[in-house]
Amino acid sequence: MPDPVAGGAALIERCHAELVAPLLPPGQPVWDVHAHLGEDADGSQRAAADLIADAASHGVERTFVFPFRQDGLPAYRERNDAMLAEAATSGGRLIPFCRVEPDEGDLAELERALDAGACGIKLHPLTGRFEVEHSLVEAAVALAERRSLPLLLHAGRGIGPFAAGLDGMLERHPGAQVILAHAGIGDHEAAVAVAERRPNLSFDVAVWNLVDIRALVARVAPEQILYGTDAPYYGHACSQAKLLLALREAGGEGAAAILWDNAERIAAGRSPRRRSPAAGPPRADLGWPQLRAHEYLLASAPMVWTRQPDLLGALRLARHTLSGMGGDDIEAAREMIDLAAVCWAHELETGSRREILSLSWTTFRLIEFADALVFCH
């Protein structure tokens, strides 16, 4: 029997080349603002050589990188130094960010790493460790303002509401460039409202639910949206599919800014001189089959992540909703769903238990790519 995981990876790349890459503006470079290097406490890993190779094959010329978290190393000195060393040999492809957590000497470590060549700061608030309103966050925002460099702030799942406190920090430090990771879904509605008042706030698109990306594109100025993958948790083929298909449905404006220009400006510590209107609602109405397929595909994601079989028969339900629909994108989505079902069973049987997603990398990526094709049909 052919290896379904290898077949799934090949199908993803083929569909990217045929259906997504043509949506890139000709000659458009890409800048990824969100990637990890090293090894995480959950077992996930990313080597610099692998990250650079994947980036190069998808038109990505520069990447903001920072260390994974590891329990027992709150100061991060060794990991920050390792990040700087990797970046120094990357030919400018890797732009190093330093990282700390609240601990004695945390701000001093940020200062030391920046003096040593770090070009930005990454903080990862999480309930149970620290929240966005922790004093370290404002101190880091102030430091980013003084140094004219960006700060990437975890703003996804697992944290309490943060927008009100962050709004005050951005008012007190208007020169600080703060990027909310994961489309700010931890407090999305309030964060979108803050972004209207604060041009020094932006969002990356490293998130699994395409609805969050479409909501961001519809309501936030394109100068405040950035391409990011959260590598290794997301890959370039699927991340570009979600973003570029969402932009196409919103009218196609702003791609060059989101893929490169905004990151280049923010890396230099500058807010946009002007902000364009948000794209507004998608041009086409979403049909019931697309909406139903999206919901079934979305329902499968947590089962994949938690290493369960397809107890709901979600993939079969998603496949059935597409019966009778035509188009190259729908045909590709059907092929991905069919292969995801095979990969899911295979990875549950054979996958390593070491990494949090090692059982399901390919299954999940087939599902998220199929969802983008269906939802943006």
# chains A, B, ... in the order shown; residues from 1 in each chain; ligands from 1

call {"tool": "residues_around", "arguments": {"residues": "Arg62 of chain A", "least_positions_apart": "6", "cutoff": "6 Å", "atoms": "only C-alpha atoms", "output": "list in words"}}
result
Trp31, Arg93 and Leu94 of chain A

call {"tool": "select_by_dssp", "arguments": {"residues": "segment 124-208 of chain A", "states": "strand (DSSP E or B)", "output": "ChimeraX atom specification"}}
result
/A:126,130,150-153,177-180,201-204

call {"tool": "atom_distance", "arguments": {"atom1": "atom CA of Ile367 of chain A", "atom2": "atom CA of Leu315 of chain A"}}
result
8.7 Å

call {"tool": "closest_atom_pairs", "arguments": {"of": "segment 222-325 of chain A", "to": "segment 329-334 of chain A", "cutoff": "12 Å", "atoms": "only C-alpha atoms", "output": "CSV"}}
result
residue,atom,partner,partner_atom,distance
A:Ala241,CA,A:Asp329,CA,11.3
A:Leu245,CA,A:Asp329,CA,10.7
A:Pro289,CA,A:Ile330,CA,11.2
A:Gln290,CA,A:Ile330,CA,9.8
A:Ala293,CA,A:Ala333,CA,10.3
A:His294,CA,A:Ala333,CA,11.1
A:Leu297,CA,A:Ala333,CA,10.9
A:Leu315,CA,A:Arg334,CA,9.9
A:Arg316,CA,A:Arg334,CA,10.2
A:Leu317,CA,A:Arg334,CA,11.5
A:Ala318,CA,A:Arg334,CA,8.9
A:Arg319,CA,A:Arg334,CA,6.3
A:His320,CA,A:Arg334,CA,9.4
A:Thr321,CA,A:Arg334,CA,10.2
A:Leu322,CA,A:Ile330,CA,7.4
A:Ser323,CA,A:Arg334,CA,9.1
A:Gly324,CA,A:Ile330,CA,9.9
A:Met325,CA,A:Ile330,CA,6.9

call {"tool": "closest_residue", "arguments": {"among": "A:Pro277, A:Gly117, A:Gly235, A:Pro125", "to": "Glu196 of chain A", "atoms": "only C-alpha atoms"}}
result
A:Pro277

call {"tool": "closest_residue", "arguments": {"among": "A:Lys122, A:His236, A:Arg365, A:His182", "to": "Leu216 of chain A", "atoms": "only C-alpha atoms"}}
result
A:His182

call {"tool": "decode", "arguments": {"residues": "segment 112-230 of chain A", "atoms": "C-alpha atoms", "output": "PDB file, in the first residue's frame"}}
result
ATOM      1  CA  ARG A 112      21.355  41.689  26.745  1.00  0.00           C
ATOM      2  CA  ALA A 113      19.943  39.706  23.816  1.00  0.00           C
ATOM      3  CA  LEU A 114      19.017  42.871  21.923  1.00  0.00           C
ATOM      4  CA  ASP A 115      22.512  44.231  22.460  1.00  0.00           C
ATOM      5  CA  ALA A 116      23.817  40.927  21.079  1.00  0.00           C
ATOM      6  CA  GLY A 117      21.831  41.298  17.854  1.00  0.00           C
ATOM      7  CA  ALA A 118      18.208  40.282  18.432  1.00  0.00           C
ATOM      8  CA  CYS A 119      15.857  42.318  16.240  1.00  0.00           C
ATOM      9  CA  GLY A 120      12.614  41.939  18.166  1.00  0.00           C
ATOM     10  CA  ILE A 121      10.908  40.494  21.252  1.00  0.00           C
ATOM     11  CA  LYS A 122       8.537  37.527  21.607  1.00  0.00           C
ATOM     12  CA  LEU A 123       6.350  37.088  24.710  1.00  0.00           C
ATOM     13  CA  HIS A 124       3.923  34.220  25.237  1.00  0.00           C
ATOM     14  CA  PRO A 125       1.315  35.031  27.891  1.00  0.00           C
ATOM     15  CA  LEU A 126      -0.773  32.048  28.962  1.00  0.00           C
ATOM     16  CA  THR A 127      -3.178  31.740  31.857  1.00  0.00           C
ATOM     17  CA  GLY A 128      -1.320  29.963  34.636  1.00  0.00           C
ATOM     18  CA  ARG A 129       1.992  31.553  33.647  1.00  0.00           C
ATOM     19  CA  PHE A 130       1.245  35.233  33.083  1.00  0.00           C
ATOM     20  CA  GLU A 131      -1.353  37.419  31.374  1.00  0.00           C
ATOM     21  CA  VAL A 132      -0.978  40.319  28.938  1.00  0.00           C
ATOM     22  CA  GLU A 133      -1.411  42.843  31.753  1.00  0.00           C
ATOM     23  CA  HIS A 134       1.656  41.497  33.600  1.00  0.00           C
ATOM     24  CA  SER A 135       4.222  44.215  34.291  1.00  0.00           C
ATOM     25  CA  LEU A 136       6.779  42.414  32.089  1.00  0.00           C
ATOM     26  CA  VAL A 137       4.611  43.004  29.035  1.00  0.00           C
ATOM     27  CA  GLU A 138       4.440  46.767  29.442  1.00  0.00           C
ATOM     28  CA  ALA A 139       8.137  46.913  30.260  1.00  0.00           C
ATOM     29  CA  ALA A 140       8.848  45.009  27.041  1.00  0.00           C
ATOM     30  CA  VAL A 141       6.513  47.287  25.065  1.00  0.00           C
ATOM     31  CA  ALA A 142       8.396  50.298  26.410  1.00  0.00           C
ATOM     32  CA  LEU A 143      11.705  48.642  25.503  1.00  0.00           C
ATOM     33  CA  ALA A 144      10.464  47.903  21.979  1.00  0.00           C
ATOM     34  CA  GLU A 145       9.503  51.565  21.614  1.00  0.00           C
ATOM     35  CA  ARG A 146      12.916  52.788  22.792  1.00  0.00           C
ATOM     36  CA  ARG A 147      14.709  50.410  20.459  1.00  0.00           C
ATOM     37  CA  SER A 148      12.366  50.957  17.473  1.00  0.00           C
ATOM     38  CA  LEU A 149      11.757  47.237  17.000  1.00  0.00           C
ATOM     39  CA  PRO A 150       8.692  44.963  17.034  1.00  0.00           C
ATOM     40  CA  LEU A 151       7.167  42.872  19.792  1.00  0.00           C
ATOM     41  CA  LEU A 152       5.205  39.721  18.902  1.00  0.00           C
ATOM     42  CA  LEU A 153       2.658  38.861  21.574  1.00  0.00           C
ATOM     43  CA  HIS A 154       0.781  35.577  21.875  1.00  0.00           C
ATOM     44  CA  ALA A 155      -2.901  36.468  21.617  1.00  0.00           C
ATOM     45  CA  GLY A 156      -4.503  33.130  20.758  1.00  0.00           C
ATOM     46  CA  ARG A 157      -6.169  30.495  22.885  1.00  0.00           C
ATOM     47  CA  GLY A 158      -5.415  30.076  26.567  1.00  0.00           C
ATOM     48  CA  ILE A 159      -5.391  33.673  27.802  1.00  0.00           C
ATOM     49  CA  GLY A 160      -7.886  36.006  29.419  1.00  0.00           C
ATOM     50  CA  PRO A 161      -9.339  39.150  27.822  1.00  0.00           C
ATOM     51  CA  PHE A 162      -6.475  41.520  27.136  1.00  0.00           C
ATOM     52  CA  ALA A 163      -7.520  44.277  24.726  1.00  0.00           C
ATOM     53  CA  ALA A 164      -8.440  46.930  27.295  1.00  0.00           C
ATOM     54  CA  GLY A 165      -5.101  46.703  29.068  1.00  0.00           C
ATOM     55  CA  LEU A 166      -3.167  46.541  25.825  1.00  0.00           C
ATOM     56  CA  ASP A 167      -5.000  49.613  24.537  1.00  0.00           C
ATOM     57  CA  GLY A 168      -3.582  51.641  27.422  1.00  0.00           C
ATOM     58  CA  MET A 169      -0.057  50.357  26.771  1.00  0.00           C
ATOM     59  CA  LEU A 170      -0.275  51.304  23.095  1.00  0.00           C
ATOM     60  CA  GLU A 171      -1.523  54.785  24.016  1.00  0.00           C
ATOM     61  CA  ARG A 172       1.355  55.257  26.454  1.00  0.00           C
ATOM     62  CA  HIS A 173       3.877  53.882  23.942  1.00  0.00           C
ATOM     63  CA  PRO A 174       2.718  54.978  20.475  1.00  0.00           C
ATOM     64  CA  GLY A 175       6.093  54.192  18.938  1.00  0.00           C
ATOM     65  CA  ALA A 176       5.982  50.516  19.919  1.00  0.00           C
ATOM     66  CA  GLN A 177       5.047  48.113  17.133  1.00  0.00           C
ATOM     67  CA  VAL A 178       3.021  45.259  18.672  1.00  0.00           C
ATOM     68  CA  ILE A 179       1.965  42.235  16.629  1.00  0.00           C
ATOM     69  CA  LEU A 180      -0.875  40.116  18.001  1.00  0.00           C
ATOM     70  CA  ALA A 181      -0.278  36.499  17.063  1.00  0.00           C
ATOM     71  CA  HIS A 182      -3.091  34.169  15.954  1.00  0.00           C
ATOM     72  CA  ALA A 183      -5.347  36.958  14.668  1.00  0.00           C
ATOM     73  CA  GLY A 184      -5.845  38.059  18.274  1.00  0.00           C
ATOM     74  CA  ILE A 185      -8.527  35.385  18.744  1.00  0.00           C
ATOM     75  CA  GLY A 186      -8.051  35.408  22.537  1.00  0.00           C
ATOM     76  CA  ASP A 187      -9.920  38.751  22.581  1.00  0.00           C
ATOM     77  CA  HIS A 188     -10.599  39.262  18.888  1.00  0.00           C
ATOM     78  CA  GLU A 189     -13.615  41.561  18.816  1.00  0.00           C
ATOM     79  CA  ALA A 190     -12.164  44.003  21.328  1.00  0.00           C
ATOM     80  CA  ALA A 191      -8.717  43.849  19.704  1.00  0.00           C
ATOM     81  CA  VAL A 192     -10.168  44.747  16.296  1.00  0.00           C
ATOM     82  CA  ALA A 193     -11.755  47.808  17.884  1.00  0.00           C
ATOM     83  CA  VAL A 194      -8.417  48.762  19.487  1.00  0.00           C
ATOM     84  CA  ALA A 195      -6.679  48.459  16.110  1.00  0.00           C
ATOM     85  CA  GLU A 196      -8.966  51.142  14.693  1.00  0.00           C
ATOM     86  CA  ARG A 197      -7.521  53.588  17.247  1.00  0.00           C
ATOM     87  CA  ARG A 198      -3.938  52.325  17.344  1.00  0.00           C
ATOM     88  CA  PRO A 199      -1.979  52.143  14.084  1.00  0.00           C
ATOM     89  CA  ASN A 200       0.914  50.580  16.018  1.00  0.00           C
ATOM     90  CA  LEU A 201      -1.134  47.384  16.560  1.00  0.00           C
ATOM     91  CA  SER A 202      -1.191  44.634  13.940  1.00  0.00           C
ATOM     92  CA  PHE A 203      -2.217  40.979  13.640  1.00  0.00           C
ATOM     93  CA  ASP A 204      -0.668  37.885  12.134  1.00  0.00           C
ATOM     94  CA  VAL A 205      -2.814  35.226  10.450  1.00  0.00           C
ATOM     95  CA  ALA A 206      -1.397  32.102  12.147  1.00  0.00           C
ATOM     96  CA  VAL A 207      -4.730  30.536  13.072  1.00  0.00           C
ATOM     97  CA  TRP A 208      -6.552  27.350  12.079  1.00  0.00           C
ATOM     98  CA  ASN A 209     -10.111  28.654  11.596  1.00  0.00           C
ATOM     99  CA  LEU A 210     -10.501  30.378   8.246  1.00  0.00           C
ATOM    100  CA  VAL A 211     -13.439  32.395   9.611  1.00  0.00           C
ATOM    101  CA  ASP A 212     -11.015  34.238  11.900  1.00  0.00           C
ATOM    102  CA  ILE A 213      -8.855  35.182   8.915  1.00  0.00           C
ATOM    103  CA  ARG A 214     -11.835  36.314   6.866  1.00  0.00           C
ATOM    104  CA  ALA A 215     -13.132  38.380   9.791  1.00  0.00           C
ATOM    105  CA  LEU A 216      -9.710  40.011  10.125  1.00  0.00           C
ATOM    106  CA  VAL A 217      -9.445  40.821   6.413  1.00  0.00           C
ATOM    107  CA  ALA A 218     -12.984  42.198   6.371  1.00  0.00           C
ATOM    108  CA  ARG A 219     -12.552  44.564   9.321  1.00  0.00           C
ATOM    109  CA  VAL A 220      -8.892  45.535   9.727  1.00  0.00           C
ATOM    110  CA  ALA A 221      -6.818  47.794   7.483  1.00  0.00           C
ATOM    111  CA  PRO A 222      -4.496  45.716   5.282  1.00  0.00           C
ATOM    112  CA  GLU A 223      -1.543  47.706   6.667  1.00  0.00           C
ATOM    113  CA  GLN A 224      -2.243  46.057  10.051  1.00  0.00           C
ATOM    114  CA  ILE A 225      -2.272  42.412   8.871  1.00  0.00           C
ATOM    115  CA  LEU A 226       0.846  40.250   8.543  1.00  0.00           C
ATOM    116  CA  TYR A 227       1.565  36.843   7.073  1.00  0.00           C
ATOM    117  CA  GLY A 228       2.672  34.340   9.719  1.00  0.00           C
ATOM    118  CA  THR A 229       2.707  30.561  10.013  1.00  0.00           C
ATOM    119  CA  ASP A 230       3.490  29.668  13.638  1.00  0.00           C
TER     120      ASP A 230
END
